[in-house]
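One file, run03.cif, carrying mmCIF, C-alpha atoms:
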```cif
data_run
loop_
_atom_site.label_atom_id
_atom_site.label_comp_id
_atom_site.auth_asym_id
_atom_site.auth_seq_id
_atom_site.Cartn_x
_atom_site.Cartn_y
_atom_site.Cartn_z
CA MET T 1 163.41 135.40 96.11
CA ALA T 2 162.60 132.15 97.84
CA ASN T 3 159.17 130.70 97.31
CA LYS T 4 157.44 130.79 100.70
CA LEU T 5 154.22 129.21 99.47
CA ILE T 6 153.54 126.17 101.63
CA VAL T 7 151.71 123.37 99.88
CA SER T 8 150.07 120.66 101.97
CA PRO T 9 147.52 117.94 101.20
CA ALA T 10 143.83 118.35 101.97
CA PRO T 11 141.80 118.66 104.11
CA HIS T 12 142.50 122.19 105.28
CA VAL T 13 139.36 122.77 107.34
CA GLN T 14 140.00 122.79 111.08
CA THR T 15 137.38 122.20 113.76
CA ALA T 16 137.16 121.83 117.50
CA GLN T 17 135.38 118.49 117.05
CA SER T 18 137.27 115.32 117.91
CA THR T 19 136.33 111.65 118.12
CA SER T 20 136.46 111.64 121.92
CA ARG T 21 134.35 114.78 122.15
CA ILE T 22 131.72 113.37 119.79
CA MET T 23 131.59 110.08 121.68
CA ARG T 24 131.27 111.83 125.04
CA ASP T 25 128.37 113.86 123.64
CA VAL T 26 126.65 110.63 122.56
CA VAL T 27 127.08 109.20 126.07
CA ILE T 28 125.67 112.40 127.60
CA ALA T 29 122.71 112.26 125.18
CA LEU T 30 121.94 108.71 126.34
CA MET T 31 121.87 109.66 130.03
CA PRO T 32 118.19 110.79 130.21
CA ALA T 33 117.05 107.39 128.89
CA PHE T 34 119.55 105.69 131.21
CA VAL T 35 118.08 107.44 134.27
CA VAL T 36 114.51 106.59 133.22
CA SER T 37 115.55 102.96 132.69
CA ILE T 38 116.97 102.78 136.23
CA VAL T 39 113.70 104.15 137.61
CA VAL T 40 111.70 101.61 135.60
CA PHE T 41 113.81 98.46 136.00
CA GLY T 42 115.91 99.15 139.10
CA VAL T 43 119.57 98.41 139.84
CA ASP T 44 119.77 95.63 137.22
CA VAL T 45 120.18 98.43 134.67
CA LEU T 46 123.43 99.48 136.36
CA ARG T 47 124.65 95.88 136.37
CA VAL T 48 123.98 95.25 132.68
CA THR T 49 125.39 98.60 131.55
CA ALA T 50 128.52 98.38 133.70
CA ILE T 51 129.31 94.84 132.49
CA SER T 52 128.69 95.78 128.86
CA VAL T 53 130.87 98.91 128.96
CA ALA T 54 133.67 97.21 130.93
CA ALA T 55 133.70 94.21 128.59
CA CYS T 56 133.74 96.35 125.42
CA VAL T 57 136.60 98.50 126.71
CA ALA T 58 138.54 95.43 127.92
CA PHE T 59 138.16 93.53 124.64
CA GLU T 60 139.24 96.53 122.58
CA TYR T 61 142.26 97.10 124.84
CA LEU T 62 143.35 93.45 124.74
CA ILE T 63 142.99 93.18 120.95
CA GLN T 64 144.97 96.34 120.34
CA LYS T 65 147.59 95.50 122.96
CA PHE T 66 148.33 91.91 121.97
CA MET T 67 147.14 91.53 118.37
CA PHE T 68 147.29 94.86 116.56
CA ARG T 69 150.22 96.14 118.63
CA GLY T 70 149.37 99.67 117.58
CA PRO T 71 148.34 102.80 119.46
CA LEU T 72 145.58 102.27 122.00
CA THR T 73 142.29 104.01 121.18
CA ILE T 74 140.15 103.18 124.20
CA SER T 75 140.54 106.78 125.35
CA ASN T 76 138.39 107.99 122.43
CA TRP T 77 135.23 106.67 124.16
CA SER T 78 134.03 104.72 121.11
CA ALA T 79 134.14 101.42 123.04
CA VAL T 80 132.15 103.06 125.84
CA VAL T 81 129.49 104.16 123.36
CA THR T 82 129.31 100.65 121.91
CA GLY T 83 128.96 99.23 125.43
CA VAL T 84 126.14 101.59 126.39
CA LEU T 85 124.26 101.04 123.12
CA LEU T 86 124.62 97.27 123.43
CA ALA T 87 123.24 97.44 126.97
CA PHE T 88 120.35 99.58 125.75
CA ASN T 89 119.39 96.75 123.39
CA LEU T 90 119.24 94.13 126.17
CA PRO T 91 116.64 93.26 128.82
CA ALA T 92 117.59 94.19 132.39
CA SER T 93 117.28 90.58 133.55
CA ILE T 94 119.80 89.09 131.10
CA PRO T 95 122.63 86.98 132.63
CA TRP T 96 126.03 88.64 132.87
CA TRP T 97 127.82 86.09 130.72
CA ILE T 98 125.52 86.73 127.77
CA VAL T 99 126.34 90.43 128.03
CA VAL T 100 130.06 89.58 127.85
CA ILE T 101 129.52 87.40 124.77
CA GLY T 102 127.58 90.22 123.09
CA ALA T 103 130.39 92.66 123.90
CA PHE T 104 132.96 90.28 122.40
CA VAL T 105 130.97 89.94 119.16
CA ALA T 106 130.42 93.71 118.97
CA ILE T 107 134.07 94.66 119.49
CA ALA T 108 136.15 91.70 118.31
CA VAL T 109 134.01 90.63 115.35
CA ALA T 110 132.04 93.66 114.18
CA LYS T 111 134.63 96.37 114.90
CA MET T 112 138.24 95.23 115.30
CA THR T 113 138.09 92.56 112.58
CA PHE T 114 137.69 95.36 110.04
CA GLY T 115 140.46 97.51 111.50
CA GLY T 116 138.75 99.45 114.26
CA LEU T 117 136.78 102.66 114.47
CA GLY T 118 135.84 104.18 111.12
CA LYS T 119 136.49 100.99 109.14
CA ASN T 120 133.62 98.81 110.36
CA PRO T 121 130.77 98.49 107.80
CA PHE T 122 128.16 97.44 110.37
CA ASN T 123 127.10 99.04 113.63
CA PRO T 124 128.96 97.01 116.31
CA ALA T 125 126.28 97.24 119.01
CA LEU T 126 123.60 96.01 116.61
CA VAL T 127 125.76 93.12 115.41
CA GLY T 128 126.18 92.09 119.04
CA ARG T 129 122.48 92.43 119.70
CA VAL T 130 121.36 90.45 116.63
CA PHE T 131 123.89 87.70 117.38
CA LEU T 132 122.53 87.35 120.92
CA LEU T 133 118.95 87.39 119.65
CA ILE T 134 119.70 84.46 117.35
CA ALA T 135 121.92 82.55 119.79
CA TYR T 136 119.92 83.12 122.98
CA PRO T 137 116.34 83.91 121.90
CA VAL T 138 114.73 82.96 125.22
CA GLN T 139 116.96 85.15 127.38
CA MET T 140 116.81 88.00 124.85
CA THR T 141 113.01 88.02 124.78
CA THR T 142 112.33 87.54 128.49
CA TRP T 143 111.30 91.01 129.56
CA PRO T 144 111.11 91.93 133.26
CA MET T 145 108.12 93.93 134.42
CA PRO T 146 108.82 97.47 135.67
CA VAL T 147 109.62 97.64 139.40
CA THR T 148 106.69 100.03 139.79
CA ASN T 149 104.37 97.53 137.99
CA GLY T 150 103.64 100.29 135.49
CA ALA T 151 100.58 101.05 133.44
CA PHE T 152 101.05 98.00 131.22
CA ASP T 153 99.91 95.18 133.49
CA ALA T 154 97.84 93.83 130.59
CA LEU T 155 101.01 93.03 128.67
CA SER T 156 102.05 90.30 131.12
CA GLY T 157 105.75 90.85 130.45
CA ALA T 158 105.44 91.29 126.68
CA THR T 159 106.68 94.44 125.00
CA PRO T 160 104.02 96.76 123.53
CA LEU T 161 105.06 95.73 119.99
CA ALA T 162 104.79 92.03 120.81
CA ALA T 163 101.42 92.50 122.51
CA VAL T 164 99.97 94.35 119.53
CA LYS T 165 101.49 91.93 117.00
CA HIS T 166 99.98 88.90 118.76
CA GLY T 167 96.61 90.60 119.22
CA ALA T 168 96.70 90.84 123.02
CA VAL T 169 95.88 94.56 122.89
CA GLY T 170 95.38 97.21 120.27
CA PRO T 171 97.55 100.29 119.65
CA ASP T 172 94.69 102.46 120.90
CA VAL T 173 94.83 100.76 124.33
CA LEU T 174 98.49 101.73 124.81
CA GLY T 175 98.15 105.48 125.17
CA VAL T 176 100.66 107.82 123.55
CA HIS T 177 101.49 109.40 126.92
CA HIS T 178 102.53 106.00 128.29
CA LEU T 179 104.83 105.37 125.33
CA LEU T 180 106.38 108.81 125.75
CA LEU T 181 106.99 108.44 129.49
CA GLY T 182 107.88 104.74 129.54
CA ASN T 183 107.30 102.38 132.47
CA MET T 184 106.70 99.30 130.32
CA PRO T 185 108.42 95.98 129.56
CA GLY T 186 111.24 96.16 127.03
CA SER T 187 114.97 96.60 126.63
CA LEU T 188 116.83 99.28 128.55
CA GLY T 189 116.62 101.78 125.68
CA GLU T 190 112.95 101.28 124.81
CA VAL T 191 111.31 102.53 127.97
CA ALA T 192 110.75 106.24 127.29
CA ALA T 193 110.59 107.90 123.88
CA LEU T 194 110.59 111.35 125.50
CA ALA T 195 113.97 110.73 127.16
CA LEU T 196 115.44 109.69 123.80
CA LEU T 197 114.02 112.82 122.18
CA VAL T 198 115.80 114.91 124.83
CA GLY T 199 119.03 113.19 123.83
CA PHE T 200 118.21 113.87 120.16
CA ALA T 201 117.79 117.58 120.89
CA TYR T 202 121.15 117.61 122.68
CA LEU T 203 122.96 115.97 119.75
CA LEU T 204 121.41 118.47 117.34
CA TRP T 205 122.43 121.36 119.58
CA ARG T 206 125.98 120.04 119.77
CA ARG T 207 125.95 119.46 115.97
CA VAL T 208 127.02 115.86 116.44
CA ILE T 209 124.32 114.67 114.04
CA THR T 210 121.83 116.26 111.65
CA TRP T 211 118.09 115.71 111.61
CA HIS T 212 117.88 114.15 108.15
CA ILE T 213 118.34 110.44 108.93
CA PRO T 214 116.34 110.20 112.21
CA VAL T 215 113.42 112.30 110.99
CA THR T 216 113.28 110.53 107.61
CA ILE T 217 113.22 107.11 109.29
CA LEU T 218 110.39 108.07 111.64
CA VAL T 219 108.37 109.87 108.96
CA THR T 220 108.75 106.87 106.62
CA MET T 221 107.52 104.53 109.35
CA ALA T 222 104.57 106.80 110.14
CA VAL T 223 103.53 107.15 106.50
CA PHE T 224 103.91 103.39 105.95
CA ALA T 225 101.72 102.65 108.99
CA PHE T 226 99.14 105.23 107.90
CA VAL T 227 98.88 103.74 104.40
CA VAL T 228 98.55 100.21 105.80
CA ALA T 229 95.85 101.35 108.24
CA LEU T 230 94.02 103.07 105.39
CA CYS T 231 94.26 100.01 103.13
CA THR T 232 92.98 97.67 105.85
CA GLY T 233 89.86 99.75 106.37
CA GLU T 234 90.82 101.52 109.60
CA THR T 235 89.02 104.78 110.22
CA GLY T 236 88.90 107.57 112.75
CA ALA T 237 91.47 107.76 115.54
CA MET T 238 93.25 104.57 114.48
CA LEU T 239 94.59 106.32 111.37
CA TRP T 240 96.85 108.46 113.57
CA GLN T 241 97.18 106.13 116.57
CA LEU T 242 98.87 103.34 114.57
CA PRO T 243 101.60 105.60 113.07
CA LEU T 244 102.28 107.20 116.47
CA PHE T 245 102.44 103.81 118.12
CA HIS T 246 105.05 102.50 115.67
CA ILE T 247 107.38 105.49 115.96
CA LEU T 248 107.17 105.63 119.77
CA ALA T 249 107.20 101.91 120.63
CA GLY T 250 110.12 99.50 120.53
CA GLY T 251 113.55 100.51 119.32
CA ALA T 252 112.44 103.01 116.66
CA MET T 253 113.69 106.10 118.50
CA LEU T 254 116.86 104.46 119.80
CA GLY T 255 117.78 103.07 116.39
CA ALA T 256 116.89 106.16 114.38
CA ILE T 257 118.68 108.65 116.64
CA PHE T 258 121.69 106.80 118.01
CA MET T 259 122.53 103.91 115.67
CA ALA T 260 121.43 104.79 112.16
CA THR T 261 123.42 108.05 112.48
CA ASP T 262 126.72 106.26 113.18
CA TYR T 263 129.37 108.06 111.09
CA SER T 264 131.16 104.89 110.01
CA THR T 265 128.09 103.02 108.80
CA SER T 266 125.89 105.73 107.25
CA PRO T 267 126.17 107.53 103.88
CA MET T 268 128.39 110.58 103.46
CA THR T 269 125.86 112.85 101.75
CA VAL T 270 122.49 114.23 102.81
CA LYS T 271 120.78 112.74 99.73
CA GLY T 272 122.39 109.37 100.43
CA GLY T 273 121.35 109.61 104.07
CA VAL T 274 117.71 110.18 103.07
CA ILE T 275 117.77 107.11 100.79
CA PHE T 276 119.42 105.12 103.58
CA ALA T 277 116.79 106.28 106.08
CA ILE T 278 113.82 105.52 103.81
CA GLY T 279 115.16 101.99 103.37
CA ILE T 280 115.43 101.53 107.14
CA GLY T 281 111.89 102.80 107.70
CA VAL T 282 110.37 100.56 105.02
CA ILE T 283 112.24 97.41 106.09
CA THR T 284 111.42 98.01 109.75
CA MET T 285 107.71 98.28 109.04
CA CYS T 286 107.70 95.23 106.76
CA ILE T 287 109.27 93.13 109.52
CA ARG T 288 107.00 94.55 112.20
CA LEU T 289 103.79 94.03 110.26
CA TRP T 290 104.49 90.83 108.32
CA GLY T 291 107.63 89.25 109.76
CA SER T 292 108.01 86.79 112.61
CA TYR T 293 109.73 89.32 114.89
CA PRO T 294 107.71 92.10 116.50
CA GLU T 295 110.70 94.46 116.14
CA GLY T 296 112.65 95.10 112.95
CA MET T 297 114.81 98.17 113.53
CA SER T 298 118.06 96.28 114.22
CA PHE T 299 117.75 94.10 111.13
CA ALA T 300 116.77 97.08 108.97
CA ILE T 301 119.78 99.17 110.01
CA LEU T 302 122.21 96.29 109.42
CA LEU T 303 120.72 95.56 105.99
CA MET T 304 121.01 99.20 104.99
CA ASN T 305 124.56 99.37 106.43
CA ALA T 306 125.43 96.80 103.76
CA CYS T 307 124.00 99.12 101.11
CA VAL T 308 126.00 102.18 102.19
CA PRO T 309 128.97 101.61 99.81
CA LEU T 310 126.53 101.32 96.89
CA ILE T 311 124.67 104.46 98.01
CA ASN T 312 127.95 106.38 98.35
CA LYS T 313 129.00 105.24 94.87
CA TYR T 314 125.89 106.44 93.08
CA VAL T 315 125.02 109.47 95.21
CA LYS T 316 128.00 111.79 94.99
CA PRO T 317 128.19 115.57 95.23
CA LYS T 318 129.25 117.35 92.06
CA ARG T 319 132.91 118.21 91.82
CA PHE T 320 133.75 121.86 92.18
CA GLY T 321 133.40 123.60 88.82
CA VAL T 322 131.39 120.80 87.19
CA LYS T 323 127.95 121.77 85.89
#
```

Spell out the structure here as structure tokens.
Amino acid sequence: MANKLIVSPAPHVQTAQSTSRIMRDVVIALMPAFVVSIVVFGVDVLRVTAISVAACVAFEYLIQKFMFRGPLTISNWSAVVTGVLLAFNLPASIPWWIVVIGAFVAIAVAKMTFGGLGKNPFNPALVGRVFLLIAYPVQMTTWPMPVTNGAFDALSGATPLAAVKHGAVGPDVLGVHHLLLGNMPGSLGEVAALALLVGFAYLLWRRVITWHIPVTILVTMAVFAFVVALCTGETGAMLWQLPLFHILAGGAMLGAIFMATDYSTSPMTVKGGVIFAIGIGVITMCIRLWGSYPEGMSFAILLMNACVPLINKYVKPKRFGVK
């Protein structure tokens, strides 16, 4: 009797998830913040986002077509996601040619140099953003005021984080409701924490990401800010206003939800993800409180991206059958 047992290599688990579906879900999750950004900063948001997405897709296509000479992957939407996230890390007033340079660095250097999607050790959008911040600091830190003038006239074009860091205002002046609803100077993805939380809920519902990394990052930042406030003699309302301010202001929500959870650049296990997230939260707060930059999320994620191979090596699930 012939042996009809079919042996095939793992994995054997099948799922309806695909790269293109996951990437489309990420784009959909970013749409609430995108709409709020258009309301706050006007049509410049469309210009920056369109240029960023078009440049990322074009660079990936050209590299694969003429250098890799392999199958084209622009249809999987990963270049679109990189383009949108890069745009979300830029001010609405930035010149178009700087956006194109950032897209080139994100795709050609941070992604395709390592072999493309799934092989890049660092988040491409953040590499593009940090490169632009170092190369063009003036343009990258010139923040346009909201078209509606907003509730942050006292900031005079500075972001809430920069204003608090330089002592222009205190965290208690910038009400929590304003940080939730936006309408303040900042990059495209910093304007409304509530819109980003809506996207977070969508990604959880679609099971694209889990809650462990985003929640751990934000809780770590809040606890860190609370301890610092306590140690510096703060009392009363400031003990909860400072932690809330740090998790709602700047790129904390955008980084924790949409960039720290990148499959390629985050640990493979839940335990590893928690360690990864704690590191991001601690580094972010150290840069915000004692560094020269008012924001530290981008640098923190990239530094912890470099630690992911080490985390994966020492935080492994037990093999089946091993006690």

Item checked: Closest of T:Cys231, T:Leu244, T:Val43, T:Ile287 to T:Leu179 - atom-to-atom distances counting only C-alpha atoms ->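 Closest candidate: T:Leu244.
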
Next item on the list: Go through T:Thr269, T:Met285, T:Ala92, T:Val215 and flag the residue nearest T:Leu242, using only C-alpha atoms for the distances.
Entry: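 The closest residue to T:Leu242 is T:Met285.
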
Next item on the list: Find the residue from T:Gly251, T:Gly273, T:Pro144, T:Gly70 that sits nearest to T:Pro309; use only C-alpha atoms when measuring.
Entry: T:Gly273

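Proximity ranking of T:Gly116, T:Met304, T:Pro121, T:Pro32 relative to T:Pro71 places T:Gly116 first, based on only C-alpha atoms.
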
Margin query: Using Å and a single decimal, report how far atom CA of T:Met140 sits from atom CA of T:Pro91.
Written below: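 Separation of atom CA of T:Pro91 and atom CA of T:Met140: 6.6 Å.
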
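Each of T:Ala108, T:Val198, T:Val45, T:Leu204 was checked against T:Ile63 using only C-alpha atoms; the smallest atom-to-atom distance is that of T:Ala108.
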
Notebook entry, point to check: Can you list, as a VMD selection string, the residues that the PyMOL selection byres ((chain T and resi 85) around 12) selects here?
Noted result: chain T and resid 23 26 to 27 29 to 31 33 to 34 48 to 50 52 to 53 56 78 to 84 86 to 90 99 102 to 103 106 123 to 129 187 to 190 251 254 to 255 257 to 260 262 298

Selection from above, C-alpha atoms, as a CSV table (one decimal), keeping the file's coordinate frame, can you write it?
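Result file follows (again24.csv):
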```
chain,number,residue,atom,x,y,z
T,23,MET,CA,131.6,110.1,121.7
T,26,VAL,CA,126.6,110.6,122.6
T,27,VAL,CA,127.1,109.2,126.1
T,29,ALA,CA,122.7,112.3,125.2
T,30,LEU,CA,121.9,108.7,126.3
T,31,MET,CA,121.9,109.7,130.0
T,33,ALA,CA,117.0,107.4,128.9
T,34,PHE,CA,119.6,105.7,131.2
T,48,VAL,CA,124.0,95.2,132.7
T,49,THR,CA,125.4,98.6,131.6
T,50,ALA,CA,128.5,98.4,133.7
T,52,SER,CA,128.7,95.8,128.9
T,53,VAL,CA,130.9,98.9,129.0
T,56,CYS,CA,133.7,96.4,125.4
T,78,SER,CA,134.0,104.7,121.1
T,79,ALA,CA,134.1,101.4,123.0
T,80,VAL,CA,132.2,103.1,125.8
T,81,VAL,CA,129.5,104.2,123.4
T,82,THR,CA,129.3,100.6,121.9
T,83,GLY,CA,129.0,99.2,125.4
T,84,VAL,CA,126.1,101.6,126.4
T,86,LEU,CA,124.6,97.3,123.4
T,87,ALA,CA,123.2,97.4,127.0
T,88,PHE,CA,120.4,99.6,125.8
T,89,ASN,CA,119.4,96.8,123.4
T,90,LEU,CA,119.2,94.1,126.2
T,99,VAL,CA,126.3,90.4,128.0
T,102,GLY,CA,127.6,90.2,123.1
T,103,ALA,CA,130.4,92.7,123.9
T,106,ALA,CA,130.4,93.7,119.0
T,123,ASN,CA,127.1,99.0,113.6
T,124,PRO,CA,129.0,97.0,116.3
T,125,ALA,CA,126.3,97.2,119.0
T,126,LEU,CA,123.6,96.0,116.6
T,127,VAL,CA,125.8,93.1,115.4
T,128,GLY,CA,126.2,92.1,119.0
T,129,ARG,CA,122.5,92.4,119.7
T,187,SER,CA,115.0,96.6,126.6
T,188,LEU,CA,116.8,99.3,128.6
T,189,GLY,CA,116.6,101.8,125.7
T,190,GLU,CA,113.0,101.3,124.8
T,251,GLY,CA,113.6,100.5,119.3
T,254,LEU,CA,116.9,104.5,119.8
T,255,GLY,CA,117.8,103.1,116.4
T,257,ILE,CA,118.7,108.6,116.6
T,258,PHE,CA,121.7,106.8,118.0
T,259,MET,CA,122.5,103.9,115.7
T,260,ALA,CA,121.4,104.8,112.2
T,262,ASP,CA,126.7,106.3,113.2
T,298,SER,CA,118.1,96.3,114.2
```

Item checked: Spatial neighbours of T:Arg206, 12 Å, all atoms listed in the file, chain gap at least 2 places, as a PyMOL selection string -> chain T and resi 16-17+21-26+28-29+199-204+208-210

Checklist line | Which residue of T:Val35, T:Leu180, T:Val130, T:Phe299 approaches T:Phe245 most closely, using only C-alpha atoms | finding: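 Checking each candidate against T:Phe245, we get T:Leu180 as the closest.
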
Starting from the point (124.5, 105.4, 94.3), work out which residues of protein, DNA or RNA have an atom no more than 12 Å away when counting all atoms listed in the file; state them as a tab-separated table (two decimals) with C-alpha atoms, in the frame of the given file.
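Generated output (out.tsv):
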```
chain	number	residue	atom	x	y	z
T	267	PRO	CA	126.17	107.53	103.88
T	268	MET	CA	128.39	110.58	103.46
T	269	THR	CA	125.86	112.85	101.75
T	271	LYS	CA	120.78	112.74	99.73
T	272	GLY	CA	122.39	109.37	100.43
T	273	GLY	CA	121.35	109.61	104.07
T	275	ILE	CA	117.77	107.11	100.79
T	276	PHE	CA	119.42	105.12	103.58
T	307	CYS	CA	124.00	99.12	101.11
T	308	VAL	CA	126.00	102.18	102.19
T	309	PRO	CA	128.97	101.61	99.81
T	310	LEU	CA	126.53	101.32	96.89
T	311	ILE	CA	124.67	104.46	98.01
T	312	ASN	CA	127.95	106.38	98.35
T	313	LYS	CA	129.00	105.24	94.87
T	314	TYR	CA	125.89	106.44	93.08
T	315	VAL	CA	125.02	109.47	95.21
T	316	LYS	CA	128.00	111.79	94.99
T	317	PRO	CA	128.19	115.57	95.23
```

Check: Taking (107.6, 106.4, 122.0) in the file's coordinates as the center, which residues reach within 8 Å of it, counting all atoms listed in the file, put as a PyMOL selection string?
Finding: chain T and resi 176+179-182+190+192-194+244-250+252-253
